[in-house]
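K.L.:
I'm passing along start20.cif; it holds mmCIF, C-alpha atoms.
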```
data_query
#
loop_
_atom_site.label_atom_id
_atom_site.label_comp_id
_atom_site.auth_asym_id
_atom_site.auth_seq_id
_atom_site.Cartn_x
_atom_site.Cartn_y
_atom_site.Cartn_z
CA MET A 1 28.85 -11.15 11.86
CA ARG A 2 25.44 -10.38 13.28
CA LEU A 3 24.52 -8.62 10.07
CA VAL A 4 25.50 -11.68 8.05
CA GLY A 5 23.28 -13.81 10.28
CA MET A 6 20.42 -11.41 9.82
CA LEU A 7 20.85 -11.35 6.06
CA ARG A 8 20.75 -15.17 6.10
CA ILE A 9 17.43 -15.12 7.92
CA LEU A 10 16.15 -12.47 5.54
CA SER A 11 17.13 -14.38 2.43
CA LEU A 12 15.55 -17.51 3.91
CA ALA A 13 12.33 -15.57 4.42
CA VAL A 14 12.47 -14.33 0.83
CA LEU A 15 13.03 -17.90 -0.42
CA LEU A 16 10.04 -19.11 1.58
CA LEU A 17 7.88 -16.36 0.11
CA ILE A 18 8.94 -17.26 -3.42
CA ALA A 19 8.20 -20.92 -2.69
CA ALA A 20 4.74 -19.95 -1.46
CA CYS A 21 4.03 -17.94 -4.59
CA THR A 22 1.22 -19.00 -6.92
CA ASN A 23 -0.16 -17.44 -10.10
CA ASP A 24 -3.79 -18.44 -9.88
CA SER A 25 -6.93 -16.73 -11.08
CA LEU A 26 -10.57 -17.27 -10.18
CA GLY A 27 -12.74 -18.87 -12.83
CA GLU A 28 -15.39 -17.08 -14.80
CA PRO A 29 -18.08 -15.86 -12.38
CA GLN A 30 -21.07 -18.20 -12.09
CA MET A 31 -23.88 -16.02 -13.35
CA GLY A 32 -27.26 -17.35 -12.36
CA ASP A 33 -29.47 -18.15 -15.30
CA CYS A 34 -32.31 -15.63 -15.59
CA ASP A 35 -33.99 -17.11 -18.66
CA ASN A 36 -36.39 -19.39 -16.83
CA LEU A 37 -37.28 -16.82 -14.20
CA ASP A 38 -40.13 -14.36 -14.39
CA VAL A 39 -38.99 -11.98 -11.69
CA THR A 40 -41.21 -8.99 -11.00
CA TYR A 41 -41.54 -6.77 -7.96
CA VAL A 42 -44.91 -8.23 -7.07
CA SER A 43 -44.06 -11.87 -7.76
CA LEU A 44 -40.73 -12.39 -6.03
CA ILE A 45 -39.00 -9.19 -4.93
CA LYS A 46 -41.48 -7.58 -2.53
CA PRO A 47 -41.22 -10.40 0.05
CA ILE A 48 -37.42 -10.04 0.10
CA ILE A 49 -37.59 -6.28 0.52
CA ASP A 50 -40.31 -6.47 3.17
CA GLU A 51 -38.20 -8.89 5.19
CA SER A 52 -34.77 -7.30 4.75
CA CYS A 53 -35.25 -3.58 4.04
CA ALA A 54 -38.69 -2.12 4.71
CA TYR A 55 -39.02 -2.25 8.46
CA SER A 56 -39.10 0.34 11.21
CA THR A 57 -35.75 2.14 11.81
CA CYS A 58 -34.74 1.34 8.21
CA HIS A 59 -36.27 1.94 4.78
CA LEU A 60 -39.66 2.68 6.28
CA ASP A 61 -39.03 5.77 8.36
CA THR A 62 -35.37 6.65 9.04
CA ALA A 63 -33.25 5.46 6.07
CA PRO A 64 -33.83 7.08 2.64
CA GLY A 65 -37.03 5.99 0.86
CA ASN A 66 -40.14 4.17 2.04
CA TYR A 67 -39.58 0.71 0.58
CA THR A 68 -43.06 -0.65 1.30
CA SER A 69 -44.17 0.26 -2.22
CA TYR A 70 -42.65 0.04 -5.68
CA GLY A 71 -42.82 3.83 -6.05
CA GLY A 72 -40.78 4.29 -2.89
CA ILE A 73 -37.92 2.14 -4.19
CA LEU A 74 -37.99 3.46 -7.75
CA PRO A 75 -35.66 6.47 -7.27
CA SER A 76 -32.82 4.35 -5.91
CA LEU A 77 -33.44 1.75 -8.61
CA GLN A 78 -33.15 4.40 -11.30
CA ASN A 79 -30.03 6.09 -9.97
CA GLY A 80 -28.24 2.75 -9.59
CA GLU A 81 -27.73 3.08 -5.85
CA PHE A 82 -29.88 0.00 -5.19
CA ARG A 83 -27.70 -2.20 -7.39
CA ASN A 84 -24.55 -0.66 -5.97
CA ARG A 85 -25.44 -1.20 -2.33
CA VAL A 86 -27.18 -4.56 -2.62
CA LEU A 87 -24.98 -6.27 -5.20
CA ASN A 88 -21.70 -4.48 -5.90
CA ILE A 89 -20.64 -3.53 -2.40
CA LYS A 90 -22.78 -6.02 -0.51
CA ASP A 91 -19.77 -7.11 1.61
CA ASP A 92 -19.07 -3.61 2.92
CA PRO A 93 -20.05 -3.78 6.60
CA THR A 94 -21.85 -0.42 6.71
CA LEU A 95 -22.60 0.58 3.11
CA GLY A 96 -23.46 -2.87 1.80
CA MET A 97 -27.19 -3.52 2.15
CA PRO A 98 -28.52 -4.99 4.34
CA PRO A 99 -25.80 -3.71 6.70
CA ASP A 100 -24.01 -5.73 9.37
CA PHE A 101 -25.72 -3.61 12.04
CA SER A 102 -29.22 -4.79 11.10
CA PRO A 103 -31.45 -5.64 14.09
CA ALA A 104 -30.97 -9.15 15.48
CA ASP A 105 -34.32 -10.36 14.12
CA ARG A 106 -33.58 -9.13 10.59
CA PRO A 107 -31.12 -10.60 8.05
CA SER A 108 -27.77 -8.79 7.76
CA SER A 109 -27.10 -10.39 4.40
CA LEU A 110 -29.16 -11.85 1.59
CA THR A 111 -28.95 -15.47 0.47
CA GLU A 112 -27.32 -16.37 -2.85
CA GLU A 113 -30.76 -17.26 -4.20
CA GLN A 114 -32.20 -13.88 -3.20
CA LEU A 115 -29.20 -12.07 -4.67
CA ASN A 116 -29.64 -13.93 -7.92
CA LEU A 117 -33.34 -13.03 -8.08
CA ILE A 118 -32.49 -9.36 -7.48
CA ARG A 119 -29.72 -9.45 -10.10
CA CYS A 120 -32.11 -10.90 -12.67
CA TRP A 121 -34.79 -8.39 -11.73
CA LEU A 122 -32.40 -5.44 -12.09
CA ASP A 123 -30.92 -6.79 -15.34
CA ASN A 124 -34.47 -6.91 -16.71
CA ASN A 125 -35.10 -3.26 -15.79
CA PHE A 126 -36.90 -3.99 -12.49
CA PRO A 127 -40.49 -4.63 -13.78
CA GLU A 128 -43.26 -4.02 -11.24
CA GLU A 129 -45.62 -6.75 -12.41
CA MET B 1 14.84 20.35 24.67
CA ALA B 2 17.53 22.98 25.14
CA LYS B 3 20.18 20.28 24.92
CA TYR B 4 18.71 19.01 21.70
CA PHE B 5 18.62 22.48 20.23
CA PHE B 6 22.22 23.08 21.28
CA SER B 7 23.45 19.92 19.60
CA LEU B 8 21.50 20.87 16.51
CA LEU B 9 23.24 24.24 16.48
CA ILE B 10 26.60 22.55 16.78
CA SER B 11 25.84 20.14 13.97
CA ILE B 12 24.75 23.02 11.73
CA PHE B 13 27.93 24.88 12.61
CA CYS B 14 30.06 21.79 11.95
CA CYS B 15 28.47 21.25 8.57
CA GLY B 16 29.96 24.53 7.45
CA LEU B 17 33.44 23.35 8.31
CA VAL B 18 33.41 19.66 7.48
CA THR B 19 31.48 19.11 4.30
CA ALA B 20 33.11 16.00 2.89
CA GLN B 21 31.27 12.70 3.44
CA GLU B 22 28.65 14.21 5.70
CA LYS B 23 25.65 11.95 5.52
CA ILE B 24 22.36 13.53 4.63
CA TYR B 25 19.61 12.79 7.11
CA GLN B 26 15.86 13.40 7.15
CA THR B 27 15.18 13.25 3.44
CA PHE B 28 11.68 12.65 4.77
CA LYS B 29 10.58 13.12 8.36
CA ASP B 30 8.78 9.81 8.67
CA THR B 31 9.24 6.25 7.42
CA ARG B 32 6.08 6.70 5.33
CA VAL B 33 5.10 9.50 2.98
CA ILE B 34 1.32 9.10 2.58
CA ASN B 35 0.52 5.82 0.87
CA SER B 36 4.16 4.99 0.17
CA HIS B 37 7.21 4.21 2.25
CA SER B 38 10.02 6.75 2.39
CA VAL B 39 13.75 5.90 2.31
CA GLU B 40 13.93 6.53 6.05
CA THR B 41 14.52 3.67 8.45
CA LEU B 42 14.32 3.72 12.22
CA PRO B 43 17.37 4.28 14.43
CA LYS B 44 18.70 1.15 16.09
CA ARG B 45 16.59 -0.18 19.00
CA LYS B 46 13.70 2.20 18.40
CA LEU B 47 10.24 0.75 18.42
CA ASP B 48 7.70 2.72 16.41
CA PHE B 49 4.10 2.08 17.45
CA ARG B 50 1.83 3.16 14.61
CA VAL B 51 -1.90 3.59 14.14
CA SER B 52 -3.06 4.72 10.70
CA HIS B 53 -6.56 5.54 9.66
CA ARG B 54 -8.36 6.15 6.36
CA PHE B 55 -11.91 7.44 6.60
CA GLY B 56 -14.75 7.01 4.11
CA ASP B 57 -15.36 9.09 0.97
CA LEU B 58 -15.36 12.78 1.83
CA ALA B 59 -17.68 13.74 -1.02
CA GLY B 60 -19.58 11.98 -3.81
CA ASP B 61 -22.37 9.43 -3.38
CA ASN B 62 -21.06 7.99 -0.12
CA GLY B 63 -19.78 11.22 1.37
CA GLY B 64 -21.16 14.62 2.26
CA TYR B 65 -23.24 15.44 5.29
CA LYS B 66 -25.01 12.08 5.56
CA THR B 67 -21.74 10.35 6.50
CA PHE B 68 -20.34 13.54 8.04
CA PHE B 69 -17.86 13.78 5.17
CA GLY B 70 -16.70 10.21 5.56
CA LEU B 71 -15.99 10.38 9.29
CA GLU B 72 -18.76 7.82 9.92
CA ASN B 73 -16.86 5.21 7.94
CA ALA B 74 -13.43 3.63 8.22
CA SER B 75 -12.02 2.46 4.91
CA ASP B 76 -8.89 0.98 6.41
CA ILE B 77 -7.19 0.89 9.78
CA LEU B 78 -3.62 -0.14 10.53
CA ILE B 79 -2.19 -0.96 13.91
CA GLY B 80 1.27 -2.31 14.46
CA VAL B 81 4.93 -1.77 15.19
CA ASP B 82 8.18 -1.17 13.35
CA TYR B 83 11.49 -1.93 15.00
CA GLY B 84 14.99 -0.73 14.15
CA VAL B 85 17.20 -3.81 14.24
CA THR B 86 20.11 -1.65 13.11
CA ASN B 87 20.19 1.92 11.81
CA HIS B 88 19.78 0.46 8.33
CA LEU B 89 17.40 -2.42 8.89
CA THR B 90 13.81 -1.99 10.05
CA VAL B 91 11.30 -4.80 10.46
CA GLY B 92 7.61 -4.40 11.15
CA LEU B 93 4.36 -6.24 11.75
CA HIS B 94 1.02 -4.57 11.14
CA ARG B 95 -2.59 -5.56 11.15
CA THR B 96 -4.87 -3.95 8.58
CA LYS B 97 -8.55 -4.33 7.83
CA GLY B 98 -7.99 -4.39 4.07
CA ALA B 99 -10.04 -2.12 1.87
CA GLY B 100 -9.50 -2.48 -1.84
CA SER B 101 -11.93 -4.03 -4.26
CA MET B 102 -12.42 -4.61 -7.95
CA PRO B 103 -14.60 -2.12 -9.88
CA ASP B 104 -17.48 -4.65 -9.78
CA GLY B 105 -17.29 -4.76 -5.99
CA ASN B 106 -15.45 -8.11 -5.70
CA SER B 107 -13.25 -7.41 -2.71
CA GLY B 108 -9.53 -8.03 -2.36
CA LEU B 109 -7.82 -9.58 0.66
CA ARG B 110 -9.29 -8.70 4.07
CA GLN B 111 -8.19 -9.02 7.71
CA LEU B 112 -4.51 -8.85 6.97
CA LEU B 113 -1.29 -9.45 8.84
CA ASN B 114 1.47 -7.54 7.09
CA GLY B 115 5.16 -8.18 7.56
CA LEU B 116 7.66 -5.51 6.59
CA VAL B 117 11.43 -5.52 5.97
CA LYS B 118 13.26 -2.31 5.06
CA LEU B 119 16.96 -2.24 4.30
CA ARG B 120 18.66 1.08 3.73
CA PHE B 121 21.87 0.34 1.85
CA LEU B 122 22.92 3.73 0.53
CA GLN B 123 22.83 7.14 2.12
CA GLN B 124 23.25 10.42 0.28
CA THR B 125 26.29 12.49 1.26
CA SER B 126 26.74 16.23 1.19
CA ASP B 127 29.76 16.08 -1.14
CA ASN B 128 27.53 14.32 -3.70
CA LYS B 129 29.82 11.32 -4.00
CA VAL B 130 26.68 9.43 -3.12
CA PRO B 131 23.97 11.51 -4.79
CA VAL B 132 20.95 9.49 -3.60
CA SER B 133 19.73 7.40 -0.71
CA MET B 134 18.45 3.93 -1.50
CA THR B 135 16.26 1.56 0.46
CA LEU B 136 14.82 -1.84 -0.36
CA VAL B 137 11.34 -2.61 0.93
CA GLY B 138 9.67 -6.00 1.16
CA ILE B 139 6.08 -6.50 2.26
CA ALA B 140 4.12 -9.72 2.71
CA SER B 141 0.40 -9.65 3.47
CA LEU B 142 -1.51 -12.64 4.77
CA SER B 143 -5.29 -12.71 5.03
CA THR B 144 -6.59 -14.28 8.23
CA ALA B 145 -10.20 -14.04 7.02
CA GLU B 146 -12.36 -17.11 7.35
CA LYS B 147 -12.49 -19.24 4.23
CA ILE B 148 -15.83 -19.18 2.39
CA GLU B 149 -16.31 -22.60 0.85
CA ASP B 150 -19.47 -22.32 -1.18
CA ASN B 151 -18.74 -19.32 -3.38
CA PRO B 152 -16.03 -19.95 -5.99
CA ASP B 153 -16.45 -16.42 -7.43
CA ILE B 154 -14.72 -14.59 -4.61
CA ILE B 155 -11.11 -14.31 -3.45
CA ARG B 156 -12.16 -15.47 0.01
CA SER B 157 -12.89 -18.94 -1.38
CA PHE B 158 -9.08 -19.45 -0.95
CA PRO B 159 -8.66 -22.75 -2.85
CA LYS B 160 -5.08 -22.94 -1.51
CA PHE B 161 -3.48 -21.50 1.60
CA ALA B 162 -1.02 -19.50 -0.54
CA HIS B 163 -4.02 -17.67 -2.01
CA ARG B 164 -4.27 -15.74 1.25
CA MET B 165 -1.03 -13.99 0.43
CA ALA B 166 0.11 -11.01 -1.57
CA THR B 167 3.63 -9.61 -1.64
CA HIS B 168 5.27 -6.39 -2.69
CA ALA B 169 8.89 -5.42 -3.24
CA GLU B 170 10.24 -2.04 -4.18
CA LEU B 171 13.39 -0.01 -4.45
CA LEU B 172 13.28 3.53 -3.10
CA LEU B 173 15.64 6.12 -4.56
CA ALA B 174 15.52 9.50 -2.91
CA ARG B 175 17.45 12.71 -3.07
CA LYS B 176 17.25 15.63 -0.70
CA PHE B 177 17.93 18.54 -3.04
CA SER B 178 17.80 21.06 -0.23
CA ASP B 179 16.29 21.37 3.22
CA ALA B 180 13.13 22.48 1.47
CA PHE B 181 12.81 19.86 -1.25
CA SER B 182 13.13 16.07 -1.43
CA LEU B 183 12.12 13.77 -4.25
CA GLN B 184 11.76 9.99 -4.33
CA LEU B 185 11.33 7.41 -7.10
CA MET B 186 9.81 4.01 -6.34
CA PRO B 187 9.96 1.19 -8.88
CA GLY B 188 8.09 -1.79 -7.46
CA PHE B 189 6.48 -5.15 -8.12
CA THR B 190 3.31 -6.47 -6.53
CA GLN B 191 2.38 -10.14 -6.61
CA ARG B 192 -1.06 -11.46 -5.75
CA ASN B 193 -1.29 -15.23 -5.50
CA LEU B 194 -4.97 -15.34 -6.40
CA VAL B 195 -6.72 -12.76 -8.56
CA PRO B 196 -10.26 -12.32 -9.88
CA PHE B 197 -11.28 -13.67 -13.30
CA GLU B 198 -9.13 -12.28 -16.14
CA ASP B 199 -6.88 -10.26 -13.85
CA GLU B 200 -3.07 -10.42 -13.68
CA ASN B 201 -1.03 -11.76 -10.75
CA GLY B 202 2.10 -9.63 -11.06
CA ILE B 203 1.98 -5.85 -11.46
CA PHE B 204 4.97 -3.57 -11.99
CA SER B 205 4.54 -0.03 -10.75
CA LEU B 206 6.41 3.24 -10.45
CA GLY B 207 5.80 5.69 -7.66
CA LEU B 208 6.85 9.27 -7.06
CA ALA B 209 6.95 11.04 -3.72
CA THR B 210 7.96 14.51 -2.65
CA ARG B 211 8.31 16.74 0.37
CA VAL B 212 8.33 20.51 0.10
CA GLN B 213 8.96 22.65 3.17
CA LEU B 214 6.43 25.48 3.10
CA THR B 215 7.12 27.28 6.37
CA LYS B 216 9.39 26.62 9.31
CA VAL B 217 6.99 24.08 10.79
CA MET B 218 4.84 23.04 7.86
CA ALA B 219 5.66 20.92 4.82
CA LEU B 220 3.63 19.69 1.87
CA ILE B 221 3.97 16.01 1.04
CA ALA B 222 2.56 14.08 -1.90
CA ASP B 223 2.88 10.67 -3.47
CA VAL B 224 1.47 8.83 -6.46
CA THR B 225 1.85 5.26 -7.73
CA PHE B 226 1.30 4.29 -11.36
CA PRO B 227 0.63 0.58 -11.91
CA PHE B 228 1.93 -0.60 -15.31
CA SER B 229 -1.10 -2.51 -16.37
CA GLU B 230 -3.37 -2.26 -19.37
CA ARG B 231 -6.30 -3.31 -17.21
CA ARG B 232 -5.71 -0.70 -14.53
CA VAL B 233 -7.02 2.35 -16.40
CA SER B 234 -9.93 4.62 -15.59
CA ALA B 235 -11.96 3.22 -18.50
CA ASN B 236 -12.06 -0.07 -16.55
CA GLY B 237 -12.88 1.65 -13.26
CA PHE B 238 -9.36 1.72 -11.79
CA TYR B 239 -7.72 4.94 -10.65
CA THR B 240 -4.20 6.01 -9.76
CA PRO B 241 -3.61 6.20 -5.99
CA LEU B 242 -2.69 9.81 -5.31
CA GLY B 243 -2.24 11.47 -1.93
CA PHE B 244 -1.55 14.96 -0.63
CA GLY B 245 -0.73 15.86 2.93
CA LEU B 246 0.48 18.49 5.30
CA GLU B 247 3.17 17.70 7.82
CA PHE B 248 3.64 19.75 10.97
CA ASP B 249 6.79 19.53 13.03
CA THR B 250 5.42 20.27 16.47
CA GLY B 251 8.86 20.01 18.05
CA GLY B 252 10.03 16.48 18.62
CA HIS B 253 6.91 15.09 17.03
CA VAL B 254 5.68 15.07 13.46
CA PHE B 255 1.96 15.30 12.87
CA GLN B 256 0.57 14.54 9.46
CA ILE B 257 -2.87 14.91 7.94
CA ASN B 258 -3.60 13.79 4.41
CA LEU B 259 -6.14 13.31 1.65
CA THR B 260 -6.00 10.35 -0.71
CA ASN B 261 -8.29 8.47 -3.07
CA ALA B 262 -6.70 5.13 -2.09
CA THR B 263 -8.80 3.18 0.40
CA GLY B 264 -6.22 0.59 1.45
CA LEU B 265 -3.15 1.32 3.54
CA MET B 266 -0.76 -1.39 2.35
CA GLU B 267 0.96 -1.51 -1.05
CA THR B 268 -0.47 -5.00 -1.62
CA ASP B 269 -3.91 -3.42 -1.24
CA TYR B 270 -3.92 0.02 -2.88
CA ILE B 271 -1.70 -0.75 -5.89
CA PRO B 272 -3.94 -3.47 -7.38
CA TYR B 273 -7.28 -2.34 -5.91
CA THR B 274 -7.76 1.43 -6.08
CA THR B 275 -11.13 1.97 -7.76
CA THR B 276 -11.98 5.26 -6.09
CA ASN B 277 -11.62 8.47 -8.02
CA TRP B 278 -10.65 11.97 -6.87
CA GLY B 279 -12.90 13.36 -9.62
CA ASP B 280 -15.98 11.63 -8.14
CA GLY B 281 -15.33 12.95 -4.66
CA GLU B 282 -14.06 9.53 -3.59
CA PHE B 283 -11.12 10.79 -1.56
CA ARG B 284 -10.72 10.60 2.16
CA LEU B 285 -9.10 12.06 5.18
CA GLY B 286 -6.29 10.08 6.72
CA PHE B 287 -3.81 10.34 9.51
CA THR B 288 -1.17 8.37 11.34
CA ILE B 289 -0.23 8.39 14.99
CA SER B 290 3.35 7.28 15.50
CA ARG B 291 5.15 7.03 18.80
CA LEU B 292 8.78 6.02 19.32
CA PHE B 293 9.94 3.90 22.26
CA ASN B 294 13.50 3.02 23.23
CA LEU B 295 14.08 -0.69 23.62
#
```
Would you give me this structure, written as structure tokens?

P.N.:
Amino acid sequence: MRLVGMLRILSLAVLLLIAACTNDSLGEPQMGDCDNLDVTYVSLIKPIIDESCAYSTCHLDTAPGNYTSYGGILPSLQNGEFRNRVLNIKDDPTLGMPPDFSPADRPSSLTEEQLNLIRCWLDNNFPEE
Amino acid sequence: MAKYFFSLLISIFCCGLVTAQEKIYQTFKDTRVINSHSVETLPKRKLDFRVSHRFGDLAGDNGGYKTFFGLENASDILIGVDYGVTNHLTVGLHRTKGAGSMPDGNSGLRQLLNGLVKLRFLQQTSDNKVPVSMTLVGIASLSTAEKIEDNPDIIRSFPKFAHRMATHAELLLARKFSDAFSLQLMPGFTQRNLVPFEDENGIFSLGLATRVQLTKVMALIADVTFPFSERRVSANGFYTPLGFGLEFDTGGHVFQINLTNATGLMETDYIPYTTTNWGDGEFRLGFTISRLFNL
């Protein structure tokens, strides 16, 4: 008798789950338009990196690479790690850059606009000037 | 301890005399293998408090010495309880962090509450009249993550409440061939209510799990789950979740340590979202602490 009661509750739960079932998909990703942008390291990227990456305790002295110059960033641009950390796994709390443990006076995530600039810059083979 | 050993001796002795309709127990020693569930359910009125952990990549780009072989990172963490309502029905509630993502980095569901129902409806017998044990498993995962309104490209935009959910159902068929060898087949179906662009909502899968006793106290366990999906192939950046582990029976307690490429702990997570590859060093150390209480 108790088992029957339990099975009733179970089947009710299953019915509720089926009722709450949807088959939805996200739309095509909104890719920012890069055509009208002339993104170079000097023009638009350096300020972002200076603010969010190249400061003491991070990509200036302790973390890999000195990001105060183009040459210092170049290795991680070329091996794809920059794109991976900043764009692909940006939501990972520790590996996504900038990380969630950034100092209080530094951003722990980039704005959509900054991300779009970086995406365009990387897609265009990260020109310096 | 001595009492336990004595009753074990008696039961072994009895098995020699009364073979017909003896039920086969302990096809696996735990209710989970590595990533997968096993046919085992909890005894009635036992509460199983579980904490499972998956570390970061042991090797590859995100592993090695700089992350101390992944120990600096936690891919997924589970904390929760299972409860044996009867000897054949186990229910559970677990909280996981959620770990899986698409190959492009778009993450799956995060901050999850997972409900579990396990019904064991067939138990193998020693006379082989019932050659296998069978268990039904149902899992529902609900993301409690905050909704992000202004980014329609990510799952966390959650246009509807139902989009926070993913469910999984599977049938477990296991046979204990001998005390040293058990094998389990796991046909399953995973449903995600919201998926990334051009992905599929429902995924059929087939899993395989095994347990091989190596020495008196040590056993090798392994499981693998193949999603039946044309999209989920290595050419697209998806990999088959595959785990190996060693199980030590320390006397009244089973300790397990494992390696797996899957990052997520729940079926609703690692079946659709395993994009980490053994071949690239993207496998991790994992373990589970499980403690039984009488209620």

K.L.:
As a VMD selection string, please: the residues near Asp76 (chain B) (cut-off 9 Å, all atoms listed in the file, same-chain neighbours under 5 positions excluded).

P.N.:
chain B and resid 52 to 56 96 to 100 263 to 265

K.L.:
Go ahead and write the residues just picked, C-alpha atoms, as a short mmCIF file (atom, residue, chain, number, x, y, z; two decimals), in the frame of the given file.

P.N.:
```cif
data_model
loop_
_atom_site.label_atom_id
_atom_site.label_comp_id
_atom_site.auth_asym_id
_atom_site.auth_seq_id
_atom_site.Cartn_x
_atom_site.Cartn_y
_atom_site.Cartn_z
CA SER B 52 -3.06 4.72 10.70
CA HIS B 53 -6.56 5.54 9.66
CA ARG B 54 -8.36 6.15 6.36
CA PHE B 55 -11.91 7.44 6.60
CA GLY B 56 -14.75 7.01 4.11
CA THR B 96 -4.87 -3.95 8.58
CA LYS B 97 -8.55 -4.33 7.83
CA GLY B 98 -7.99 -4.39 4.07
CA ALA B 99 -10.04 -2.12 1.87
CA GLY B 100 -9.50 -2.48 -1.84
CA THR B 263 -8.80 3.18 0.40
CA GLY B 264 -6.22 0.59 1.45
CA LEU B 265 -3.15 1.32 3.54
#
```

K.L.:
Name all residues at most 12 Å from region 118-121 of chain A (count all atoms listed in the file; drop same-chain ones fewer than 6 positions away) and give them as a ChimeraX atom specification.

P.N.:
/A:31-49,77,82-88,110-112,127-129

K.L.:
Given the PyMOL selection byres ((chain B) within 6 of (chain A)) and the file above, list the residues it selects as a short mmCIF file (atom, residue, chain, number, x, y, z; two decimals) with C-alpha atoms, in the frame of the given file.

P.N.:
```
data_model
loop_
_atom_site.label_atom_id
_atom_site.label_comp_id
_atom_site.auth_asym_id
_atom_site.auth_seq_id
_atom_site.Cartn_x
_atom_site.Cartn_y
_atom_site.Cartn_z
CA ASP B 104 -17.48 -4.65 -9.78
CA GLY B 105 -17.29 -4.76 -5.99
CA ASP B 153 -16.45 -16.42 -7.43
CA ALA B 162 -1.02 -19.50 -0.54
CA ASN B 193 -1.29 -15.23 -5.50
CA LEU B 194 -4.97 -15.34 -6.40
CA VAL B 195 -6.72 -12.76 -8.56
CA PRO B 196 -10.26 -12.32 -9.88
CA PHE B 197 -11.28 -13.67 -13.30
CA ASN B 201 -1.03 -11.76 -10.75
#
```

K.L.:
Evaluate the PyMOL selection byres ((chain B and resi 171) around 6) on the structure here and hand back the selected residues as an NGL selection string.

P.N.:
:B and (135-136 or 170 or 172 or 186-187)

K.L.:
Save out the residues we just selected, C-alpha atoms, as a compact mmCIF listing (two decimals), in the frame of the given file.

P.N.:
```
# COMPACT_ATOMS: atom_id res chain seq x y z
CA THR B 135 16.26 1.56 0.46
CA LEU B 136 14.82 -1.84 -0.36
CA GLU B 170 10.24 -2.04 -4.18
CA LEU B 172 13.28 3.53 -3.10
CA MET B 186 9.81 4.01 -6.34
CA PRO B 187 9.96 1.19 -8.88
```

K.L.:
For Tyr83 (chain B), which of B:Phe28, B:Phe49, B:Phe177, B:Phe255 is the closest residue, counting all atoms listed in the file?

P.N.:
B:Phe49

K.L.:
As a check of understanding, name the residues that the PyMOL selection byres ((chain B and resi 233-238) around 9) selects in the supplied structure, as a short mmCIF file (atom, residue, chain, number, x, y, z; two decimals) with C-alpha atoms, keeping the file's coordinate frame.

P.N.:
```cif
data_model
loop_
_atom_site.label_atom_id
_atom_site.label_comp_id
_atom_site.auth_asym_id
_atom_site.auth_seq_id
_atom_site.Cartn_x
_atom_site.Cartn_y
_atom_site.Cartn_z
CA MET B 102 -12.42 -4.61 -7.95
CA PRO B 103 -14.60 -2.12 -9.88
CA ASP B 104 -17.48 -4.65 -9.78
CA SER B 229 -1.10 -2.51 -16.37
CA GLU B 230 -3.37 -2.26 -19.37
CA ARG B 231 -6.30 -3.31 -17.21
CA ARG B 232 -5.71 -0.70 -14.53
CA TYR B 239 -7.72 4.94 -10.65
CA THR B 240 -4.20 6.01 -9.76
CA PRO B 272 -3.94 -3.47 -7.38
CA TYR B 273 -7.28 -2.34 -5.91
CA THR B 274 -7.76 1.43 -6.08
CA THR B 275 -11.13 1.97 -7.76
CA THR B 276 -11.98 5.26 -6.09
CA ASN B 277 -11.62 8.47 -8.02
#
```

K.L.:
Neighbours of Gly72 (chain A) within 12 Å (all atoms listed in the file; same-chain residues fewer than 4 positions away dropped), as a ChimeraX atom specification?

P.N.:
/A:46,49,53-54,59-61,63-68,76-78,82

K.L.:
Those selected residues, please, written with C-alpha atoms and delivered as a CSV table (one decimal), in the frame of the given file.

P.N.:
```
chain,number,residue,atom,x,y,z
A,46,LYS,CA,-41.5,-7.6,-2.5
A,49,ILE,CA,-37.6,-6.3,0.5
A,53,CYS,CA,-35.2,-3.6,4.0
A,54,ALA,CA,-38.7,-2.1,4.7
A,59,HIS,CA,-36.3,1.9,4.8
A,60,LEU,CA,-39.7,2.7,6.3
A,61,ASP,CA,-39.0,5.8,8.4
A,63,ALA,CA,-33.2,5.5,6.1
A,64,PRO,CA,-33.8,7.1,2.6
A,65,GLY,CA,-37.0,6.0,0.9
A,66,ASN,CA,-40.1,4.2,2.0
A,67,TYR,CA,-39.6,0.7,0.6
A,68,THR,CA,-43.1,-0.6,1.3
A,76,SER,CA,-32.8,4.4,-5.9
A,77,LEU,CA,-33.4,1.8,-8.6
A,78,GLN,CA,-33.2,4.4,-11.3
A,82,PHE,CA,-29.9,0.0,-5.2
```

K.L.:
What gap, in Å, lies between CA of Asp280 (chain B) and CA of Asp61 (chain B)?

P.N.:
8.3 Å

K.L.:
Could you state the separation of CA of Asn79 (chain A) and CA of Leu259 (chain B) in Å, given to one decimal place?

P.N.:
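Distance between the two atoms: 27.5 Å.
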
K.L.:
With all atoms listed in the file as the basis for distance, which of B:Lys46, B:Arg156, B:His168, B:His37 is at the shortest distance from Arg120 (chain B)?

P.N.:
B:His37

K.L.:
Would you list the contacts of Asn294 (chain B) as a list in words, taking every protein, DNA or RNA residue within 12 Å and counting all atoms listed in the file, but skipping same-chain residues closer than 4 positions in sequence?

P.N.:
Leu42, Pro43, Lys44, Arg45, Lys46, Leu47, Asp48, Phe49, Asp82, Tyr83, Gly84 and Val85 of chain B
